[in-house]
Structures are given as C-alpha cells and as structure tokens.
Amino acid sequence: MSTIDLCLVATRRPDLLAQTLASFRDKIFLTLKLRGAYLNLDPIFGSPEDHSACVEIFRSHFPDGIVFQPENPSFCAAVAPLWSATSADWVFHLEDDWIVLRDMGEELLAPFADPAITQVSFHTADQNWDIRRKGHFHRRNEYARFLGIRIPLFRTFPKFTTSPSILRGGFARHCAGLMDFSRDPEKQFYSGVNPAMETYVARCRNYIFSPEARPVIKDIGREWREQRRIRKVITDSASNWRQSA
C-alpha cells in the first residue's frame, strides 16, 4: 500500500492552523491515513505564546510528528527541508491557511496513473484557472520580446505550485535538493531563476484536481492578512511579508 507523508508550512497563527487541520482531517486525512507528519513553524506574525499554541495544535493531531522551529523565517528554507525529510511514496504539501470545500480521498491519487504527472494540486477558490476552458494541466505560455513587444511563442511549460497538493515523493525530494533558499520556491519552477529546476520539471505535469470543474479548497489567509494590512512582496523572485502603517 502506498505511503503518504504530510508536510505543513506554518507561521504563528494558531487560529488559522486549528481551522486548517480540522478541515483537512475531517474531509481528507481520515480517508488517506497519513503515515508521517512534518511541521515547519516560522517565527513570524504572532507571539511566542502563539508559537507554543501552534505546536500544541499540531501535536494534538500528530503526536509523533516532527517539528522544525527555525530561528529566522524563510519560505524556501521551510519547504525544502520538509520535502527532504520525507521518505513516503507521496508527499502531501499543506499550508496553514486553507479549508476544504468537499470530501476527498483515494481519488486524489488516481491522476498519478499517468507517469508524467508528478503533482496533483487542489483547484482553489482564488485561482485564476478555468478548468472547462483550459483543462486540468496547469501550464503557462512562453513568450519572447522583440523591440520591446511581448510575443507569444505558442509553446507552454508546466507550472508547479507550493499551494496545497500531493507530489510524488521522489519528485518532491529531488526538487528540494535543487532549491535556492534565497528565492521563492514556487518561482523557481518557472521564472528563469533556477535553470536546473526548470530542466528537471520540463517534461513533468501538474494536474489540477477539480472533478466538478470548480474549486475544492479555499484560502482563509488572505482575509487574515488584509485585516492586518499585511502584503506579500516579491522582489527578484524572493518573497517577503510587509505590514502597512
């Protein structure tokens, strides 16, 4: 039987973490029966008390889970060590600010019958992707510039994500080994800043799971950030969080 390890990227937001883990437990995890669980808890947003609360929440779901508690926050330095720590056939990648909109289970693994598919990502409510028009494979058009004009080349390349998804274990671990910790991990798949990564994933595919052509998960972190005037700023393919006065 295939094994699944959970990788959870989190910050000091116990209220969101509790909602996320309860939602995924009730609608997915009870069916999939995860083997191992790994949490990276970055010291950002909350207080030391919030930090401790997050560890307790995680332990309440996964008593034997492994917790990484770095001294400094870094998105890529959270993702790569988590993926590298796994050993299962599949890696369930999760962040601390999502809820599930429908029950899901073993059917999440069905797309992997195609050996080219290395990631099955969840269709999100905020994702600008029309399944009926664009299909289930998440790809991006390739462009060139001529005299300052952006011209489509009628070629596409795969887009992979660090939003919630399931990845082939070997694929996740290999990608982790190629990551540059100074860059946003997701950008390294397709933004021209990590040629080795783009070469490795070029013939792979990301299948967007959306059996009814509509979202299956929803981001609950966006509203949380907006209420606190926190925004994500990406500079030179590196991401940082900034709070407006």
# chains A, B, ... in the order shown; residues from 1 in each chain; ligands from 1
call {"tool": "residues_around", "arguments": {"residues": "Ile131 of chain A", "least_positions_apart": "4", "cutoff": "12 Å", "atoms": "only C-alpha atoms", "output": "number ranges by chain"}}
result
A: 122-124, 127, 135-139, 207-215
call {"tool": "write_last_selection", "arguments": {"atoms": "N, CA and C atoms", "output": "short mmCIF file (atom, residue, chain, number, x, y, z; two decimals), in the first residue's frame"}}
result
data_model
loop_
_atom_site.label_atom_id
_atom_site.label_comp_id
_atom_site.auth_asym_id
_atom_site.auth_seq_id
_atom_site.Cartn_x
_atom_site.Cartn_y
_atom_site.Cartn_z
N PHE A 122 -4.67 21.15 -5.75
CA PHE A 122 -6.09 21.38 -5.50
C PHE A 122 -6.57 22.66 -6.20
N HIS A 123 -7.67 22.56 -6.90
CA HIS A 123 -8.27 23.74 -7.52
C HIS A 123 -8.75 24.67 -6.41
N THR A 124 -8.21 25.89 -6.39
CA THR A 124 -8.52 26.81 -5.30
C THR A 124 -9.54 27.86 -5.71
N GLN A 127 -7.94 30.82 -7.47
CA GLN A 127 -7.06 30.52 -8.60
C GLN A 127 -7.70 30.97 -9.91
N GLY A 135 -8.61 23.17 -19.17
CA GLY A 135 -8.29 21.79 -18.84
C GLY A 135 -7.63 21.65 -17.47
N HIS A 136 -7.19 20.43 -17.15
CA HIS A 136 -6.68 20.13 -15.81
C HIS A 136 -5.17 20.30 -15.67
N PHE A 137 -4.45 20.44 -16.77
CA PHE A 137 -3.00 20.56 -16.66
C PHE A 137 -2.60 22.02 -16.55
N HIS A 138 -1.95 22.35 -15.44
CA HIS A 138 -1.57 23.74 -15.19
C HIS A 138 -0.29 24.06 -15.96
N ARG A 139 -0.44 24.91 -16.98
CA ARG A 139 0.68 25.28 -17.82
C ARG A 139 0.68 26.79 -18.03
N TYR A 207 -1.34 18.25 -12.36
CA TYR A 207 -2.76 18.03 -12.63
C TYR A 207 -3.58 18.75 -11.57
N ILE A 208 -4.47 19.63 -12.01
CA ILE A 208 -5.32 20.35 -11.06
C ILE A 208 -6.55 19.50 -10.75
N PHE A 209 -6.69 19.10 -9.49
CA PHE A 209 -7.81 18.24 -9.08
C PHE A 209 -9.06 19.09 -8.94
N SER A 210 -10.03 18.82 -9.80
CA SER A 210 -11.27 19.58 -9.80
C SER A 210 -12.34 18.76 -10.50
N PRO A 211 -12.84 17.69 -9.84
CA PRO A 211 -13.73 16.74 -10.50
C PRO A 211 -15.02 17.34 -11.02
N GLU A 212 -15.46 18.46 -10.46
CA GLU A 212 -16.69 19.10 -10.92
C GLU A 212 -16.40 20.44 -11.58
N ALA A 213 -15.14 20.65 -11.96
CA ALA A 213 -14.69 21.89 -12.61
C ALA A 213 -14.98 23.12 -11.75
N ARG A 214 -14.83 22.92 -10.44
CA ARG A 214 -14.96 24.07 -9.53
C ARG A 214 -14.04 23.85 -8.34
N PRO A 215 -13.73 24.93 -7.61
CA PRO A 215 -12.73 24.84 -6.53
C PRO A 215 -13.08 23.80 -5.47
#
call {"tool": "select_by_dssp", "arguments": {"residues": "segment 139-231 of chain A", "states": "helix (DSSP H, G or I)", "output": "list of chain:residue names"}}
result
A:Gly169, A:Gly170, A:Phe171, A:Ala172, A:Arg173, A:His174, A:Cys175, A:Ala176, A:Gly177, A:Leu178, A:Lys187, A:Gln188, A:Phe189, A:Pro195, A:Ala196, A:Met197, A:Glu198, A:Thr199, A:Tyr200, A:Val201, A:Gly221, A:Arg222, A:Glu223, A:Trp224, A:Arg225, A:Glu226, A:Gln227
call {"tool": "select_by_dssp", "arguments": {"residues": "segment 39-86 of chain A", "states": "strand (DSSP E or B)", "output": "PyMOL selection string"}}
result
chain A and resi 39-41+66-68
call {"tool": "residues_around", "arguments": {"residues": "segment 39-46 of chain A", "least_positions_apart": "5", "cutoff": "9 Å", "atoms": "only C-alpha atoms", "output": "list in words"}}
result
Leu6, Cys7, Leu8, Val9, Ala10, Thr11, Arg12, Arg13, Pro14, His51, Cys54, Val55, Phe58, Gly65, Ile66, Val67, Phe68, Gln69, Pro70, Glu71, Asn72, Pro73, Ser74, Phe75, Ala78, Val79, Pro81 and Leu82 of chain A
call {"tool": "write_last_selection", "arguments": {"atoms": "N, CA and C atoms", "output": "PDB file, in the first residue's frame"}}
result
ATOM      1  N   LEU A   6       2.917  13.930   5.400  1.00  0.00           N
ATOM      2  CA  LEU A   6       2.394  15.300   5.381  1.00  0.00           C
ATOM      3  C   LEU A   6       3.514  16.287   5.672  1.00  0.00           C
ATOM      4  N   CYS A   7       3.586  17.339   4.857  1.00  0.00           N
ATOM      5  CA  CYS A   7       4.486  18.468   5.105  1.00  0.00           C
ATOM      6  C   CYS A   7       3.636  19.715   5.286  1.00  0.00           C
ATOM      7  N   LEU A   8       3.789  20.372   6.413  1.00  0.00           N
ATOM      8  CA  LEU A   8       2.956  21.526   6.738  1.00  0.00           C
ATOM      9  C   LEU A   8       3.813  22.751   6.986  1.00  0.00           C
ATOM     10  N   VAL A   9       3.616  23.787   6.182  1.00  0.00           N
ATOM     11  CA  VAL A   9       4.314  25.062   6.332  1.00  0.00           C
ATOM     12  C   VAL A   9       3.405  26.004   7.110  1.00  0.00           C
ATOM     13  N   ALA A  10       3.896  26.521   8.253  1.00  0.00           N
ATOM     14  CA  ALA A  10       3.041  27.332   9.109  1.00  0.00           C
ATOM     15  C   ALA A  10       3.793  28.515   9.700  1.00  0.00           C
ATOM     16  N   THR A  11       3.019  29.501  10.125  1.00  0.00           N
ATOM     17  CA  THR A  11       3.536  30.636  10.875  1.00  0.00           C
ATOM     18  C   THR A  11       2.758  30.715  12.185  1.00  0.00           C
ATOM     19  N   ARG A  12       3.036  31.728  12.979  1.00  0.00           N
ATOM     20  CA  ARG A  12       2.420  31.817  14.307  1.00  0.00           C
ATOM     21  C   ARG A  12       0.975  32.331  14.228  1.00  0.00           C
ATOM     22  N   ARG A  13       0.092  31.505  13.697  1.00  0.00           N
ATOM     23  CA  ARG A  13      -1.323  31.862  13.562  1.00  0.00           C
ATOM     24  C   ARG A  13      -2.158  30.677  14.031  1.00  0.00           C
ATOM     25  N   PRO A  14      -2.247  30.458  15.316  1.00  0.00           N
ATOM     26  CA  PRO A  14      -2.931  29.263  15.820  1.00  0.00           C
ATOM     27  C   PRO A  14      -4.397  29.178  15.414  1.00  0.00           C
ATOM     28  N   HIS A  51       3.249  30.805  19.090  1.00  0.00           N
ATOM     29  CA  HIS A  51       4.161  29.764  18.608  1.00  0.00           C
ATOM     30  C   HIS A  51       3.915  28.454  19.367  1.00  0.00           C
ATOM     31  N   CYS A  54       0.659  26.827  18.435  1.00  0.00           N
ATOM     32  CA  CYS A  54       0.701  26.134  17.151  1.00  0.00           C
ATOM     33  C   CYS A  54       1.306  24.738  17.299  1.00  0.00           C
ATOM     34  N   VAL A  55       2.374  24.643  18.086  1.00  0.00           N
ATOM     35  CA  VAL A  55       3.000  23.337  18.314  1.00  0.00           C
ATOM     36  C   VAL A  55       1.997  22.398  18.994  1.00  0.00           C
ATOM     37  N   PHE A  58      -0.652  21.189  16.485  1.00  0.00           N
ATOM     38  CA  PHE A  58      -0.084  20.171  15.603  1.00  0.00           C
ATOM     39  C   PHE A  58       0.057  18.841  16.340  1.00  0.00           C
ATOM     40  N   GLY A  65       4.548  13.600  15.316  1.00  0.00           N
ATOM     41  CA  GLY A  65       5.041  14.425  14.222  1.00  0.00           C
ATOM     42  C   GLY A  65       6.341  15.140  14.570  1.00  0.00           C
ATOM     43  N   ILE A  66       7.086  15.500  13.547  1.00  0.00           N
ATOM     44  CA  ILE A  66       8.368  16.193  13.719  1.00  0.00           C
ATOM     45  C   ILE A  66       8.185  17.676  13.452  1.00  0.00           C
ATOM     46  N   VAL A  67       8.713  18.506  14.344  1.00  0.00           N
ATOM     47  CA  VAL A  67       8.540  19.957  14.242  1.00  0.00           C
ATOM     48  C   VAL A  67       9.889  20.629  14.015  1.00  0.00           C
ATOM     49  N   PHE A  68       9.987  21.384  12.927  1.00  0.00           N
ATOM     50  CA  PHE A  68      11.149  22.234  12.674  1.00  0.00           C
ATOM     51  C   PHE A  68      10.807  23.643  13.148  1.00  0.00           C
ATOM     52  N   GLN A  69      11.698  24.237  13.962  1.00  0.00           N
ATOM     53  CA  GLN A  69      11.453  25.562  14.510  1.00  0.00           C
ATOM     54  C   GLN A  69      12.672  26.457  14.235  1.00  0.00           C
ATOM     55  N   PRO A  70      12.814  26.960  13.010  1.00  0.00           N
ATOM     56  CA  PRO A  70      13.975  27.780  12.654  1.00  0.00           C
ATOM     57  C   PRO A  70      13.992  29.107  13.403  1.00  0.00           C
ATOM     58  N   GLU A  71      15.181  29.689  13.514  1.00  0.00           N
ATOM     59  CA  GLU A  71      15.322  30.971  14.207  1.00  0.00           C
ATOM     60  C   GLU A  71      14.838  32.132  13.353  1.00  0.00           C
ATOM     61  N   ASN A  72      14.916  31.980  12.033  1.00  0.00           N
ATOM     62  CA  ASN A  72      14.517  33.049  11.123  1.00  0.00           C
ATOM     63  C   ASN A  72      13.535  32.518  10.086  1.00  0.00           C
ATOM     64  N   PRO A  73      12.539  33.323   9.724  1.00  0.00           N
ATOM     65  CA  PRO A  73      11.557  32.865   8.737  1.00  0.00           C
ATOM     66  C   PRO A  73      12.113  32.900   7.320  1.00  0.00           C
ATOM     67  N   SER A  74      11.786  31.882   6.538  1.00  0.00           N
ATOM     68  CA  SER A  74      12.175  31.816   5.129  1.00  0.00           C
ATOM     69  C   SER A  74      11.283  30.786   4.458  1.00  0.00           C
ATOM     70  N   PHE A  75      10.561  31.221   3.443  1.00  0.00           N
ATOM     71  CA  PHE A  75       9.613  30.314   2.804  1.00  0.00           C
ATOM     72  C   PHE A  75      10.323  29.113   2.184  1.00  0.00           C
ATOM     73  N   ALA A  78      11.728  26.737   4.534  1.00  0.00           N
ATOM     74  CA  ALA A  78      10.683  25.940   5.176  1.00  0.00           C
ATOM     75  C   ALA A  78      10.294  24.764   4.293  1.00  0.00           C
ATOM     76  N   VAL A  79      10.070  25.033   3.006  1.00  0.00           N
ATOM     77  CA  VAL A  79       9.597  23.996   2.085  1.00  0.00           C
ATOM     78  C   VAL A  79      10.648  22.916   1.832  1.00  0.00           C
ATOM     79  N   PRO A  81      13.519  21.781   3.385  1.00  0.00           N
ATOM     80  CA  PRO A  81      13.831  20.795   4.424  1.00  0.00           C
ATOM     81  C   PRO A  81      12.668  19.844   4.732  1.00  0.00           C
ATOM     82  N   LEU A  82      11.447  20.355   4.644  1.00  0.00           N
ATOM     83  CA  LEU A  82      10.289  19.488   4.877  1.00  0.00           C
ATOM     84  C   LEU A  82      10.231  18.391   3.817  1.00  0.00           C
TER      85      LEU A  82
END
call {"tool": "closest_residue", "arguments": {"among": "A:Asp50, A:Asp126, A:Asp26, A:Asp15", "to": "Asp96 of chain A", "atoms": "only C-alpha atoms"}}
result
A:Asp15
call {"tool": "atom_distance", "arguments": {"atom1": "atom CA of Gly105 of chain A", "atom2": "atom CA of Trp224 of chain A"}}
result
28.3 Å
